[in-house]
Amino acid sequence: MQEEAPRRKDMELAAGQTAIQARAVSNAITKACRETDPQFLLMGRELQEIYGAAMGLTSTIQSMAMQLSQSDEGTCVLDQAGLLVENGRQALSDAQRTIENSVNHVFALIGHLEKFTSICEKITRIGIWFRVVGVNIEIECNTKNLSGDMFTSVSKEVNILSQQINQMVGEIKNDLSSAGSRLSSLAHSSSTSLAEIRQMAEKAEQIVHSSFADIKTLMAETGALIDTATAKAQIVGREVGEVVVGIQFHDSMSQRIEHIVEAFQDIEMLCEQFRDTEEPETLGSACIILEFQKKQLFNLQKEIRTLALTIQDSFQLISSEIHEMNTELTGSRLAGDVKRQHRVNLFKPLQQGLRQLGGLLATGKEMIEALQRSATDTATVADHLLKMISGIRHIREETHIKAINTIIMANQLGSQGQTIEVLAKEIRSLADQTGEMVAEISIIQEDIGSEVTALRAAIRQEQIPISTTDLEQGVKGIGKSYQEVQTGIRSVAQDTESLATQIKTVADQLSFLEELAAKIESSTEQVEAMLEILAPWQHSGQTHDENVLRLLARYTMDQERLVHTADQNQGDMQAGTEIEFFSDDDDKNRKSAGDGSFDDNIELF
């Protein structure tokens, strides 16, 4: 009896100390858990913001890719630029060919006008001879005392016809001289301008093709840059998602802490029951429950530290990807010097080159319009000349009739009229020569008409597939599209800097996890001290005790069951045992309970 009393006293002391410490540990871990709740909630919200920002980067980058790959017209910017370059080059080539062909027709017209002028000179000389013959007839009549009425009228009429021929030919020569001068000036200026256009076109095409090649290279670089940035943004989003999934551990931790607190309440209750029952089995049951909680706390603090390391690794990877993305974006030729707000504009030479082509096209069109006006003027002159030729032909017929009548009258005079007959025959010969000249002029006039028709046809065949307005609008559209891409890349580069700062801020807050793990570790040490107090009665409890079974019935999570099962199968768990945050069964349970995966729903709280 004397030995039983001290033993009972020891048991009562152990039960009292255990109850006090159980209450203290319960309060400590509850407080530690509640203190971290706001930090978990804050991190959850910040991670959601980071995830949204990362997905925003992906969306922006993909929009830039679409901007480059397809425009409002359904073609990519590079194709648009290439089409403008090709159409501009083709248009200028067509204009040059048209001008060259037209100038050839102008030179041919000048040649016909020169022939026309040459024949007019001959007709002028014929008109002079008409006057000479008329004067000689008048002299012969005076010398031979021939009847003035018979031949004087012939002499006067021949003189009048001579004057009419000279007057008409003079007008024709003036028209020919004016038309020839205009055509010669146009041909010279067109030839000179055409040579200058060719030289300028070669330089403009070199600028355009060189610039287009640079843009093509830049487009390829930009496409690769966008692909890389997209991949990195997706990695950032995925890693943020992994962190979000990881900190969902807070939910399971809270539930497990609640179970641990309830277990300590059971231990406190068992210790209080001992005062009534004074049965060692009660302390043994408390010891078994306490042993379970020690393992739960040990694994909980281990999971927290593992979670902290995992999140830290994820943040390091995220920061690395963000830094690399920012470096590549800000270092690209397209973005230029972000800090100095300086952009590379490789489209500027292309725009200048295309505008030069547009200016040359405008010059070419002006030349073609001048050639068109020249064709119209020459056709008008040709029509006017045709009317004059008809007048000359009419004079020639009258002169021919006068010559025949004079010959007849001279024959009637016999020997006295021989000289006049000779002169009359000379008039007839001159009239015949005039007729021949008129025939030649008619042929030349037809040649001029044909050449004018050919000139007009050459100008009508000119089909410029692009106008200067098209070039200007196209250049503006290309520049606008690429400026939007430049702005987008610069925006993404700036957003990555902000995101990197935000990520660093969140990463710096991870210390609360280590502090939580340290507090739980301290509580675990207190539990070990409690186990030392109850060590003498640890074998008196039974795992099938109703108190233990009631505790196990409260296990609703695989983490808790895993610890219990490991304890049954292996005894104390080795320090290196890895505890998974979520088992496959957990995933199934969460999905069956309606919790979506991260890809479907990342909202935590």
# chains A, B, ... in the order shown; residues from 1 in each chain; ligands from 1
call {"tool": "residues_around", "arguments": {"residues": "A:Ile408", "least_positions_apart": "3", "cutoff": "12 Å", "atoms": "only C-alpha atoms", "output": "PyMOL selection string"}}
result
chain A and resi 150-151+401-405+411-414+417-418+420-422+424-425
call {"tool": "residues_around", "arguments": {"residues": "A:Ser93", "least_positions_apart": "5", "cutoff": "10 Å", "atoms": "only C-alpha atoms", "output": "PyMOL selection string"}}
result
chain A and resi 87-88+98-99+198+201+361+464
call {"tool": "closest_residue", "arguments": {"among": "A:Gln486, A:Gln356, A:Ser429, A:Thr434", "to": "A:Leu218", "atoms": "only C-alpha atoms"}}
result
A:Gln486
call {"tool": "atom_distance", "arguments": {"atom1": "atom CA of A:Gln96", "atom2": "atom CA of A:Ile197"}}
result
8.0 Å
call {"tool": "atom_distance", "arguments": {"atom1": "atom CA of A:Lys387", "atom2": "atom CA of A:Ile427"}}
result
23.8 Å
call {"tool": "closest_residue", "arguments": {"among": "A:Thr58, A:Gln352, A:Ser415, A:Gln48", "to": "A:Gln502", "atoms": "only C-alpha atoms"}}
result
A:Gln48
call {"tool": "atom_distance", "arguments": {"atom1": "atom CA of A:Ala95", "atom2": "atom CA of A:Ile368"}}
result
8.0 Å
call {"tool": "closest_residue", "arguments": {"among": "A:Asp251, A:Glu268, A:Asp313, A:Asp79", "to": "A:Thr282", "atoms": "only C-alpha atoms"}}
result
A:Glu268
call {"tool": "closest_residue", "arguments": {"among": "A:Gln312, A:Leu516, A:Ser491, A:Ile172", "to": "A:Val243", "atoms": "only C-alpha atoms"}}
result
A:Gln312
call {"tool": "residues_around", "arguments": {"residues": "A:Ile119", "least_positions_apart": "3", "cutoff": "9 Å", "atoms": "only C-alpha atoms", "output": "list in words"}}
result
Glu114, Lys115, Phe116, Lys122, Ile123, Thr124, Met437, Val438, Glu440 and Ile441 of chain A
call {"tool": "residues_around", "arguments": {"residues": "A:Phe264", "least_positions_apart": "5", "cutoff": "9 Å", "atoms": "only C-alpha atoms", "output": "NGL selection string"}}
result
:A and (19 or 22-23 or 25-26 or 259 or 269 or 286 or 289-290 or 293)
call {"tool": "residues_around", "arguments": {"residues": "A:Thr228", "least_positions_apart": "3", "cutoff": "10 Å", "atoms": "only C-alpha atoms", "output": "PDB file with N, CA and C atoms, in the first residue's frame"}}
result
ATOM      1  N   ILE A  61       1.426  39.214 -76.201  1.00  0.00           N
ATOM      2  CA  ILE A  61       2.430  38.705 -77.143  1.00  0.00           C
ATOM      3  C   ILE A  61       1.755  37.994 -78.310  1.00  0.00           C
ATOM      4  N   THR A 222      11.797  39.133 -84.956  1.00  0.00           N
ATOM      5  CA  THR A 222      10.648  39.463 -84.111  1.00  0.00           C
ATOM      6  C   THR A 222       9.761  38.250 -83.902  1.00  0.00           C
ATOM      7  N   GLY A 223       9.562  37.473 -84.986  1.00  0.00           N
ATOM      8  CA  GLY A 223       8.756  36.263 -84.848  1.00  0.00           C
ATOM      9  C   GLY A 223       9.373  35.298 -83.844  1.00  0.00           C
ATOM     10  N   ALA A 224      10.698  35.116 -83.939  1.00  0.00           N
ATOM     11  CA  ALA A 224      11.379  34.241 -82.978  1.00  0.00           C
ATOM     12  C   ALA A 224      11.301  34.815 -81.567  1.00  0.00           C
ATOM     13  N   LEU A 225      11.436  36.145 -81.476  1.00  0.00           N
ATOM     14  CA  LEU A 225      11.349  36.807 -80.175  1.00  0.00           C
ATOM     15  C   LEU A 225       9.969  36.603 -79.560  1.00  0.00           C
ATOM     16  N   ALA A 231       6.624  31.421 -75.019  1.00  0.00           N
ATOM     17  CA  ALA A 231       6.989  30.212 -74.278  1.00  0.00           C
ATOM     18  C   ALA A 231       7.359  30.548 -72.832  1.00  0.00           C
ATOM     19  N   LYS A 232       8.105  31.632 -72.653  1.00  0.00           N
ATOM     20  CA  LYS A 232       8.514  32.012 -71.293  1.00  0.00           C
ATOM     21  C   LYS A 232       7.311  32.479 -70.476  1.00  0.00           C
ATOM     22  N   ALA A 233       6.409  33.205 -71.120  1.00  0.00           N
ATOM     23  CA  ALA A 233       5.209  33.651 -70.408  1.00  0.00           C
ATOM     24  C   ALA A 233       4.371  32.451 -69.980  1.00  0.00           C
ATOM     25  N   GLN A 234       4.329  31.426 -70.818  1.00  0.00           N
ATOM     26  CA  GLN A 234       3.575  30.221 -70.466  1.00  0.00           C
ATOM     27  C   GLN A 234       4.257  29.469 -69.318  1.00  0.00           C
ATOM     28  N   GLU A 324      14.964  36.846 -68.307  1.00  0.00           N
ATOM     29  CA  GLU A 324      15.401  36.530 -69.670  1.00  0.00           C
ATOM     30  C   GLU A 324      14.450  37.137 -70.700  1.00  0.00           C
ATOM     31  N   MET A 325      13.145  37.062 -70.415  1.00  0.00           N
ATOM     32  CA  MET A 325      12.169  37.653 -71.325  1.00  0.00           C
ATOM     33  C   MET A 325      12.405  39.152 -71.458  1.00  0.00           C
ATOM     34  N   GLU A 328      15.589  39.903 -73.472  1.00  0.00           N
ATOM     35  CA  GLU A 328      15.432  39.694 -74.906  1.00  0.00           C
ATOM     36  C   GLU A 328      14.542  40.767 -75.526  1.00  0.00           C
ATOM     37  N   LEU A 329      13.479  41.139 -74.820  1.00  0.00           N
ATOM     38  CA  LEU A 329      12.574  42.145 -75.365  1.00  0.00           C
ATOM     39  C   LEU A 329      13.246  43.512 -75.448  1.00  0.00           C
TER      40      LEU A 329
END
call {"tool": "residues_around", "arguments": {"residues": "A:Met55", "least_positions_apart": "4", "cutoff": "9 Å", "atoms": "only C-alpha atoms", "output": "mmCIF file with N, CA and C atoms, in the first residue's frame"}}
result
data_model
loop_
_atom_site.group_PDB
_atom_site.id
_atom_site.type_symbol
_atom_site.label_atom_id
_atom_site.label_comp_id
_atom_site.auth_asym_id
_atom_site.auth_seq_id
_atom_site.Cartn_x
_atom_site.Cartn_y
_atom_site.Cartn_z
ATOM 1 N N ILE A 50 -0.440 37.871 -60.036
ATOM 2 C CA ILE A 50 0.738 37.526 -60.844
ATOM 3 C C ILE A 50 0.343 36.610 -62.000
ATOM 4 N N TYR A 51 -0.508 35.642 -61.685
ATOM 5 C CA TYR A 51 -0.956 34.730 -62.736
ATOM 6 C C TYR A 51 -1.708 35.507 -63.816
ATOM 7 N N SER A 59 -1.238 36.932 -73.659
ATOM 8 C CA SER A 59 -2.258 37.453 -74.575
ATOM 9 C C SER A 59 -1.715 38.592 -75.429
ATOM 10 N N THR A 60 -0.967 39.494 -74.783
ATOM 11 C CA THR A 60 -0.403 40.632 -75.525
ATOM 12 C C THR A 60 0.586 40.152 -76.578
ATOM 13 N N ALA A 233 6.409 33.205 -71.120
ATOM 14 C CA ALA A 233 5.209 33.651 -70.408
ATOM 15 C C ALA A 233 4.371 32.451 -69.980
ATOM 16 N N GLN A 234 4.329 31.426 -70.818
ATOM 17 C CA GLN A 234 3.575 30.221 -70.466
ATOM 18 C C GLN A 234 4.257 29.469 -69.318
ATOM 19 N N VAL A 236 6.051 30.899 -67.004
ATOM 20 C CA VAL A 236 5.750 31.711 -65.813
ATOM 21 C C VAL A 236 4.352 31.384 -65.305
ATOM 22 N N GLY A 237 3.385 31.350 -66.231
ATOM 23 C CA GLY A 237 2.019 31.042 -65.839
ATOM 24 C C GLY A 237 1.902 29.661 -65.216
#
call {"tool": "closest_residue", "arguments": {"among": "A:Ile533, A:Ile459, A:Cys33, A:Val208", "to": "A:Asp94", "atoms": "only C-alpha atoms"}}
result
A:Ile459
